[in-house]
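Here's the structure, in structure tokens; my notes come after.
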Amino acid sequence: MKKITLAIAALLAAALFAFAQNSADEGGRVLGLEKAWNHAIEAKDTKALDQLLASTFVAVEIDGSASSKSEFLASIKAPEYQPSQAVNEDMHVQVYGNAAVVVGIFRIKGVEKGKPYVHRERFIDTWIKQNQTWQCVASSATLISAK
Amino acid sequence: MRCQLRHPHQREMSTTHKIRAAKPFALVAVCFMAAATSALTLAQSSPKDDAGRIMALEQAWNRAIEAKDTQALDQLLAPTFVAVDTDGGLTNKGEFLASIKDPSYQPAEAVYEDIRAEIYGDTTVTTGVFRIRETRKGKRITQRQRFVDTWIKKGQTWQCVASQVVLIPAKQVP
């Protein structure tokens, strides 16, 4: 009985370790995709963004407006939108099975309608893993007011 | 609604207690039955059912805010819950509950003008427009906020893990 209990305990420990390891791997993958998103914005690469965003993707912008995936991609493509630098200052990921939630601060520098700007935005992105692929289903951002 | 929310947790607690007291063979039987019941319930739980449940939980959240009922909120929010407020401030569950409890915070009305749910298995994302009438530090305010909430289903219980609100300027029509 003692041996069986020990074997079960060892199996559980191994399963827990594997689960923790897997969560860390998945979290790392999602953070990698967040960086790819920033590079795609800087390059106005809507093809790359198309791969990163789910068809049901919704974005809530700093002005309180909501946009679908196609509206979001169109806004990136717009000639008056000229981002020069997009970086994440701070990011934390929490993995819940086939979902991951990323919270962080996004700093974007660019020119819009001829006016240069630098924004710091607090964001939450929700990612879903479907058929071995992570895609973002929701992204919201709130402007952090400059002190 | 608050009773409905508390029930699943009470059931889980009593099941755990029984498992701890059981003999090994009984433990195997209980585990088997629990797995079979979960599988059956999961098979029966359709996205439509889950969407309805989430909508009810969102409404319960509003009632809990209006009543400053942090016990009900504690049931709705996961331990890992994070919130981003209209000023860009980030709070964890403890800080969020403390802000609701704060005597200077006096909510009068919390309603949804619009709410949609998208189900992805054990994850649901709700988006919409939330209107809140409240008094903060003696100042009366009415705000319309665009929100995104992410809910995760663990066992048979849905809990919110992330919530972000963005202020909608007075002029903007959703």
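We name chains A, B, ... following the order of the structure tokens; residues begin at 1 in each chain, and ligands are numbered from 1 as shown.
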
Could you make a table, as a tab-separated table, of the residues of region 54-111 of chain A that have an atom within 8 Å of an atom of region 136-150 of chain B, each with its nearest atom pair and distance in Å to one decimal, counting only C-alpha atoms, in chain and number order?
residue	atom	partner	partner_atom	distance
A:Val60	CA	B:Arg146	CA	7.3
A:Gly64	CA	B:Arg146	CA	5.7
A:Ser65	CA	B:Arg146	CA	7.5
A:Ala66	CA	B:Arg146	CA	7.9

Just N, CA and C atoms for this one: save the residues we selected as a CSV table (one decimal), in the first residue's frame.
chain,number,residue,atom,x,y,z
A,60,VAL,N,-10.5,47.4,-28.0
A,60,VAL,CA,-11.1,48.6,-27.4
A,60,VAL,C,-9.9,49.6,-27.3
A,64,GLY,N,-12.1,54.8,-26.2
A,64,GLY,CA,-13.3,54.1,-25.8
A,64,GLY,C,-14.1,53.5,-27.0
A,65,SER,N,-13.5,53.6,-28.2
A,65,SER,CA,-14.2,53.0,-29.3
A,65,SER,C,-13.8,51.5,-29.4
A,66,ALA,N,-14.7,50.8,-30.1
A,66,ALA,CA,-14.5,49.4,-30.3
A,66,ALA,C,-14.3,49.1,-31.8

Counting only C-alpha atoms, chain A residues within 10 Å of chain B, as a PyMOL selection string: chain A and resi 1+5+56-66+94+96-105+120-130+137-145

Every residue of region 94-147 of chain B that DSSP places in helix (DSSP H, G or I), as a count of residues only: 8

Nearby residues (only C-alpha atoms) at most 10 Å from region 58-61 of chain B, same-chain spacing under 2 positions excluded, as a PyMOL selection string: chain B and resi 1-2+4-5+52-56+63-67+69-70+72-73+75-77+110-112+115+126+149+160

Keeping N, CA and C atoms, export the residues of the selection given above as an mmCIF file, in the first residue's frame.
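This is the output file result20.cif:
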data_model
loop_
_atom_site.group_PDB
_atom_site.id
_atom_site.type_symbol
_atom_site.label_atom_id
_atom_site.label_comp_id
_atom_site.auth_asym_id
_atom_site.auth_seq_id
_atom_site.Cartn_x
_atom_site.Cartn_y
_atom_site.Cartn_z
ATOM 1 N N MET B 1 -29.630 35.811 -7.050
ATOM 2 C CA MET B 1 -28.433 35.580 -7.852
ATOM 3 C C MET B 1 -27.217 35.279 -6.973
ATOM 4 N N ARG B 2 -27.134 36.009 -5.846
ATOM 5 C CA ARG B 2 -25.997 35.772 -4.966
ATOM 6 C C ARG B 2 -26.003 34.343 -4.430
ATOM 7 N N GLN B 4 -27.257 31.745 -5.964
ATOM 8 C CA GLN B 4 -26.850 30.857 -7.058
ATOM 9 C C GLN B 4 -25.326 30.812 -7.169
ATOM 10 N N LEU B 5 -24.722 31.970 -6.943
ATOM 11 C CA LEU B 5 -23.275 32.036 -7.047
ATOM 12 C C LEU B 5 -22.584 31.256 -5.947
ATOM 13 N N GLY B 52 -25.442 32.315 -21.352
ATOM 14 C CA GLY B 52 -26.502 32.745 -20.430
ATOM 15 C C GLY B 52 -25.981 32.883 -19.013
ATOM 16 N N ARG B 53 -25.144 31.898 -18.615
ATOM 17 C CA ARG B 53 -24.567 31.933 -17.266
ATOM 18 C C ARG B 53 -23.677 33.163 -17.083
ATOM 19 N N ILE B 54 -22.865 33.426 -18.099
ATOM 20 C CA ILE B 54 -21.945 34.569 -18.014
ATOM 21 C C ILE B 54 -22.728 35.888 -17.938
ATOM 22 N N MET B 55 -23.776 35.991 -18.732
ATOM 23 C CA MET B 55 -24.603 37.212 -18.705
ATOM 24 C C MET B 55 -25.179 37.416 -17.297
ATOM 25 N N ALA B 56 -25.632 36.307 -16.685
ATOM 26 C CA ALA B 56 -26.191 36.391 -15.336
ATOM 27 C C ALA B 56 -25.114 36.813 -14.338
ATOM 28 N N ARG B 63 -25.026 44.144 -9.484
ATOM 29 C CA ARG B 63 -25.813 44.221 -8.241
ATOM 30 C C ARG B 63 -24.857 44.265 -7.040
ATOM 31 N N ALA B 64 -23.760 43.488 -7.130
ATOM 32 C CA ALA B 64 -22.789 43.453 -6.031
ATOM 33 C C ALA B 64 -22.096 44.806 -5.874
ATOM 34 N N ILE B 65 -21.839 45.475 -6.989
ATOM 35 C CA ILE B 65 -21.211 46.805 -6.913
ATOM 36 C C ILE B 65 -22.183 47.788 -6.261
ATOM 37 N N GLU B 66 -23.439 47.764 -6.728
ATOM 38 C CA GLU B 66 -24.449 48.689 -6.172
ATOM 39 C C GLU B 66 -24.613 48.494 -4.660
ATOM 40 N N ALA B 67 -24.527 47.218 -4.231
ATOM 41 C CA ALA B 67 -24.723 46.914 -2.801
ATOM 42 C C ALA B 67 -23.409 46.926 -2.027
ATOM 43 N N ASP B 69 -21.229 44.757 -2.112
ATOM 44 C CA ASP B 69 -21.211 43.405 -1.556
ATOM 45 C C ASP B 69 -19.912 42.702 -1.975
ATOM 46 N N THR B 70 -18.877 42.885 -1.174
ATOM 47 C CA THR B 70 -17.567 42.325 -1.547
ATOM 48 C C THR B 70 -17.524 40.801 -1.400
ATOM 49 N N ALA B 72 -19.978 38.798 -2.395
ATOM 50 C CA ALA B 72 -20.456 38.306 -3.693
ATOM 51 C C ALA B 72 -19.374 38.499 -4.757
ATOM 52 N N LEU B 73 -18.691 39.632 -4.703
ATOM 53 C CA LEU B 73 -17.619 39.899 -5.681
ATOM 54 C C LEU B 73 -16.473 38.900 -5.518
ATOM 55 N N GLN B 75 -16.686 35.871 -4.808
ATOM 56 C CA GLN B 75 -17.065 34.634 -5.504
ATOM 57 C C GLN B 75 -16.932 34.776 -7.016
ATOM 58 N N LEU B 76 -17.167 35.993 -7.517
ATOM 59 C CA LEU B 76 -17.151 36.219 -8.973
ATOM 60 C C LEU B 76 -15.743 36.336 -9.554
ATOM 61 N N LEU B 77 -14.806 36.765 -8.715
ATOM 62 C CA LEU B 77 -13.457 37.056 -9.221
ATOM 63 C C LEU B 77 -12.455 35.971 -8.823
ATOM 64 N N ALA B 110 -25.431 50.754 -11.435
ATOM 65 C CA ALA B 110 -24.463 50.140 -12.361
ATOM 66 C C ALA B 110 -25.249 49.290 -13.345
ATOM 67 N N VAL B 111 -25.247 49.687 -14.608
ATOM 68 C CA VAL B 111 -26.032 48.952 -15.624
ATOM 69 C C VAL B 111 -25.238 48.774 -16.919
ATOM 70 N N TYR B 112 -25.654 47.774 -17.690
ATOM 71 C CA TYR B 112 -25.076 47.580 -19.015
ATOM 72 C C TYR B 112 -26.020 48.155 -20.053
ATOM 73 N N ILE B 115 -24.095 44.467 -24.082
ATOM 74 C CA ILE B 115 -23.141 43.431 -23.652
ATOM 75 C C ILE B 115 -23.199 42.240 -24.618
ATOM 76 N N THR B 126 -16.363 38.920 -22.649
ATOM 77 C CA THR B 126 -17.535 39.788 -22.779
ATOM 78 C C THR B 126 -17.065 41.208 -23.059
ATOM 79 N N ASP B 149 -14.157 41.933 -20.379
ATOM 80 C CA ASP B 149 -13.955 41.016 -19.252
ATOM 81 C C ASP B 149 -13.583 39.642 -19.802
ATOM 82 N N CYS B 160 -14.158 35.606 -13.211
ATOM 83 C CA CYS B 160 -13.519 36.618 -14.045
ATOM 84 C C CYS B 160 -12.037 36.711 -13.668
#

Top pick for closest residue to Val118 (chain A), considering A:Ile76, A:Ala146, A:Leu53, A:Ala36 and counting only C-alpha atoms: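 With only C-alpha atoms as the atom set, the closest residue is A:Ala146.
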
Atom-to-atom span, CA of Tyr105 (chain B) and CA of Glu134 (chain B), Å: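 Rounded to one decimal, the two atoms are 7.4 Å apart.
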